[in-house]
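So the structure is just underneath, and the comments pick up after that.
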Amino acid sequence: MDPLHNAVRRDVADIRLAERVFAPHYAAPMPRRVVVEAALLATGDDDAAVLTMVRPGEIFEVLDLAGGKAWGIAVAQNLVGYLDDAALEAAQ
């Protein structure tokens with residue numbers, strides 16, 4: 001299963017994948033709206049590779065928040081990665 005397109009880590013996975021993968025924990029996606037352009041990073045490190053830029057107004061489905069980073073899915077690009085959580089607000 002490609003982790004770039006499927007939200008699966010060793011510790012948590014998207015609940016929508018529960019029938020296909022085993023994980024210690026599953027998370028339901030929390031839709032958030034991107035408020036400022038932000039880099040989608042491959043890891044939670046600030047110097048990680050940039051996968052793409054996520055634009056204001058796009059939806060990011062958060063599955064985990066830790067250390068100022070949100071891990072989840074950039075819906076428009078169908079890519080899994082990390083965004084600065086300050087770039088997000090509750091989606092309406």
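The way I read the labels, and the way they are meant: chains A, B, ... in the order of the structure tokens, residue 1 as the first residue of every chain, and ligand 1 as the first ligand shown, with later ones counted on from there.
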Taking 2 positions as the minimum chain separation for residues in the same chain, which residues sit within 6 Å of A:Trp71 when counting only C-alpha atoms? Answer as a tab-separated table (two decimals) with C-alpha atoms, in the first residue's frame.
chain	number	residue	atom	x	y	z
A	62	VAL	CA	-6.31	15.78	9.47
A	63	LEU	CA	-5.66	12.36	10.99
A	64	ASP	CA	-3.08	13.34	13.62
A	81	GLY	CA	1.83	14.30	4.23
A	82	TYR	CA	2.37	16.92	6.90
Do you have, as CSV, the list of residues of stretch 27-72 of chain A lying at most 6 Å from stretch 83-88 of chain A, each with its nearest atom pair and that distance in Å to one decimal, counting only C-alpha atoms and ordered by chain then number?
residue,atom,partner,partner_atom,distance
A:Arg32,CA,A:Leu88,CA,5.9
A:Arg33,CA,A:Leu88,CA,5.5
A:Val34,CA,A:Leu88,CA,4.6
A:Val35,CA,A:Ala87,CA,5.5
A:Val36,CA,A:Ala87,CA,5.5
A:Leu40,CA,A:Leu83,CA,5.3
A:Gly68,CA,A:Asp85,CA,5.6
A:Lys69,CA,A:Asp84,CA,4.7
A:Ala70,CA,A:Leu83,CA,5.2
Point-to-point distance in Å for atom CA of A:Ala13 and atom CA of A:Ala39: 21.7 Å
Please extract the residues of stretch 27-63 of chain A with a backbone DSSP assignment of strand (DSSP E or B) and present them as number ranges by chain. A: 27, 30-34, 38-41, 50-54, 59-63
Write the residues of the preceding selection, restricted to N, CA and C atoms, as a PDB file, in the first residue's frame.
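Generated output (again-v3.pdb):
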ATOM      1  N   ALA A  27      -7.935   6.555  12.813  1.00  0.00           N
ATOM      2  CA  ALA A  27      -8.417   7.915  13.031  1.00  0.00           C
ATOM      3  C   ALA A  27      -9.432   8.275  11.955  1.00  0.00           C
ATOM      4  N   MET A  30     -10.573  14.601  10.016  1.00  0.00           N
ATOM      5  CA  MET A  30     -11.197  15.865  10.428  1.00  0.00           C
ATOM      6  C   MET A  30     -10.927  16.881   9.317  1.00  0.00           C
ATOM      7  N   PRO A  31     -11.936  17.210   8.508  1.00  0.00           N
ATOM      8  CA  PRO A  31     -11.710  18.157   7.408  1.00  0.00           C
ATOM      9  C   PRO A  31     -11.363  19.553   7.933  1.00  0.00           C
ATOM     10  N   ARG A  32     -10.298  20.117   7.372  1.00  0.00           N
ATOM     11  CA  ARG A  32      -9.868  21.475   7.692  1.00  0.00           C
ATOM     12  C   ARG A  32      -9.629  22.210   6.389  1.00  0.00           C
ATOM     13  N   ARG A  33      -9.861  23.519   6.416  1.00  0.00           N
ATOM     14  CA  ARG A  33      -9.627  24.344   5.233  1.00  0.00           C
ATOM     15  C   ARG A  33      -8.249  24.994   5.368  1.00  0.00           C
ATOM     16  N   VAL A  34      -7.495  24.997   4.291  1.00  0.00           N
ATOM     17  CA  VAL A  34      -6.186  25.644   4.260  1.00  0.00           C
ATOM     18  C   VAL A  34      -6.422  27.154   4.106  1.00  0.00           C
ATOM     19  N   ALA A  38       0.627  26.470   1.895  1.00  0.00           N
ATOM     20  CA  ALA A  38       1.516  25.724   2.781  1.00  0.00           C
ATOM     21  C   ALA A  38       2.140  24.555   2.044  1.00  0.00           C
ATOM     22  N   ALA A  39       3.359  24.242   2.447  1.00  0.00           N
ATOM     23  CA  ALA A  39       4.070  23.103   1.858  1.00  0.00           C
ATOM     24  C   ALA A  39       3.582  21.810   2.501  1.00  0.00           C
ATOM     25  N   LEU A  40       3.230  20.843   1.677  1.00  0.00           N
ATOM     26  CA  LEU A  40       2.916  19.500   2.147  1.00  0.00           C
ATOM     27  C   LEU A  40       4.239  18.745   2.194  1.00  0.00           C
ATOM     28  N   LEU A  41       4.644  18.350   3.408  1.00  0.00           N
ATOM     29  CA  LEU A  41       5.950  17.741   3.616  1.00  0.00           C
ATOM     30  C   LEU A  41       5.848  16.221   3.715  1.00  0.00           C
ATOM     31  N   VAL A  50       9.498  18.599   0.122  1.00  0.00           N
ATOM     32  CA  VAL A  50       8.187  19.175  -0.183  1.00  0.00           C
ATOM     33  C   VAL A  50       7.549  18.333  -1.275  1.00  0.00           C
ATOM     34  N   LEU A  51       6.355  17.800  -0.967  1.00  0.00           N
ATOM     35  CA  LEU A  51       5.628  16.986  -1.948  1.00  0.00           C
ATOM     36  C   LEU A  51       4.876  17.858  -2.933  1.00  0.00           C
ATOM     37  N   THR A  52       4.252  18.915  -2.424  1.00  0.00           N
ATOM     38  CA  THR A  52       3.495  19.855  -3.246  1.00  0.00           C
ATOM     39  C   THR A  52       3.136  21.054  -2.375  1.00  0.00           C
ATOM     40  N   MET A  53       2.572  22.055  -2.979  1.00  0.00           N
ATOM     41  CA  MET A  53       2.047  23.204  -2.239  1.00  0.00           C
ATOM     42  C   MET A  53       0.526  23.069  -2.205  1.00  0.00           C
ATOM     43  N   VAL A  54      -0.029  23.320  -1.031  1.00  0.00           N
ATOM     44  CA  VAL A  54      -1.485  23.257  -0.857  1.00  0.00           C
ATOM     45  C   VAL A  54      -1.974  24.700  -0.768  1.00  0.00           C
ATOM     46  N   ILE A  59      -9.077  21.604   0.916  1.00  0.00           N
ATOM     47  CA  ILE A  59      -9.387  20.817   2.112  1.00  0.00           C
ATOM     48  C   ILE A  59      -8.222  19.875   2.423  1.00  0.00           C
ATOM     49  N   PHE A  60      -7.885  19.823   3.708  1.00  0.00           N
ATOM     50  CA  PHE A  60      -6.875  18.906   4.228  1.00  0.00           C
ATOM     51  C   PHE A  60      -7.547  18.082   5.315  1.00  0.00           C
ATOM     52  N   GLU A  61      -7.554  16.772   5.168  1.00  0.00           N
ATOM     53  CA  GLU A  61      -8.174  15.883   6.151  1.00  0.00           C
ATOM     54  C   GLU A  61      -7.137  15.479   7.191  1.00  0.00           C
ATOM     55  N   VAL A  62      -7.268  16.028   8.389  1.00  0.00           N
ATOM     56  CA  VAL A  62      -6.312  15.782   9.469  1.00  0.00           C
ATOM     57  C   VAL A  62      -6.609  14.441  10.136  1.00  0.00           C
ATOM     58  N   LEU A  63      -5.559  13.642  10.295  1.00  0.00           N
ATOM     59  CA  LEU A  63      -5.662  12.363  10.993  1.00  0.00           C
ATOM     60  C   LEU A  63      -4.869  12.356  12.294  1.00  0.00           C
TER      61      LEU A  63
END
Shortest interatomic distance to A:Arg16 - which of A:Leu4, A:Pro29, A:Thr43, A:Ala76, counting only C-alpha atoms: A:Pro29
Can you check which residues of stretch 16-87 of chain A DSSP gives as helix (DSSP H, G or I) on the backbone and send them as a PDB file with N, CA, C and O atoms, in the first residue's frame?
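Saved result, result.pdb, follows:
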ATOM      1  N   ARG A  16     -10.949   4.698   7.145  1.00  0.00           N
ATOM      2  CA  ARG A  16     -11.521   4.200   5.895  1.00  0.00           C
ATOM      3  C   ARG A  16     -10.709   3.043   5.303  1.00  0.00           C
ATOM      4  O   ARG A  16     -11.159   2.366   4.389  1.00  0.00           O
ATOM      5  N   LEU A  17      -9.502   2.802   5.854  1.00  0.00           N
ATOM      6  CA  LEU A  17      -8.655   1.704   5.393  1.00  0.00           C
ATOM      7  C   LEU A  17      -8.688   0.507   6.333  1.00  0.00           C
ATOM      8  O   LEU A  17      -7.959  -0.462   6.141  1.00  0.00           O
ATOM      9  N   ASP A  85       0.143  23.154  11.220  1.00  0.00           N
ATOM     10  CA  ASP A  85      -1.253  23.255  11.654  1.00  0.00           C
ATOM     11  C   ASP A  85      -1.751  24.698  11.736  1.00  0.00           C
ATOM     12  O   ASP A  85      -2.946  24.936  11.717  1.00  0.00           O
ATOM     13  N   ALA A  86      -0.852  25.677  11.743  1.00  0.00           N
ATOM     14  CA  ALA A  86      -1.263  27.086  11.740  1.00  0.00           C
ATOM     15  C   ALA A  86      -1.880  27.492  10.392  1.00  0.00           C
ATOM     16  O   ALA A  86      -2.533  28.520  10.292  1.00  0.00           O
ATOM     17  N   ALA A  87      -1.671  26.679   9.353  1.00  0.00           N
ATOM     18  CA  ALA A  87      -2.214  26.971   8.026  1.00  0.00           C
ATOM     19  C   ALA A  87      -3.649  26.479   7.877  1.00  0.00           C
ATOM     20  O   ALA A  87      -4.248  26.631   6.809  1.00  0.00           O
TER      21      ALA A  87
END
Within 12 Å of A:Asp2 using only C-alpha atoms, minus same-chain residues under 6 positions, as a count of residues only: 6
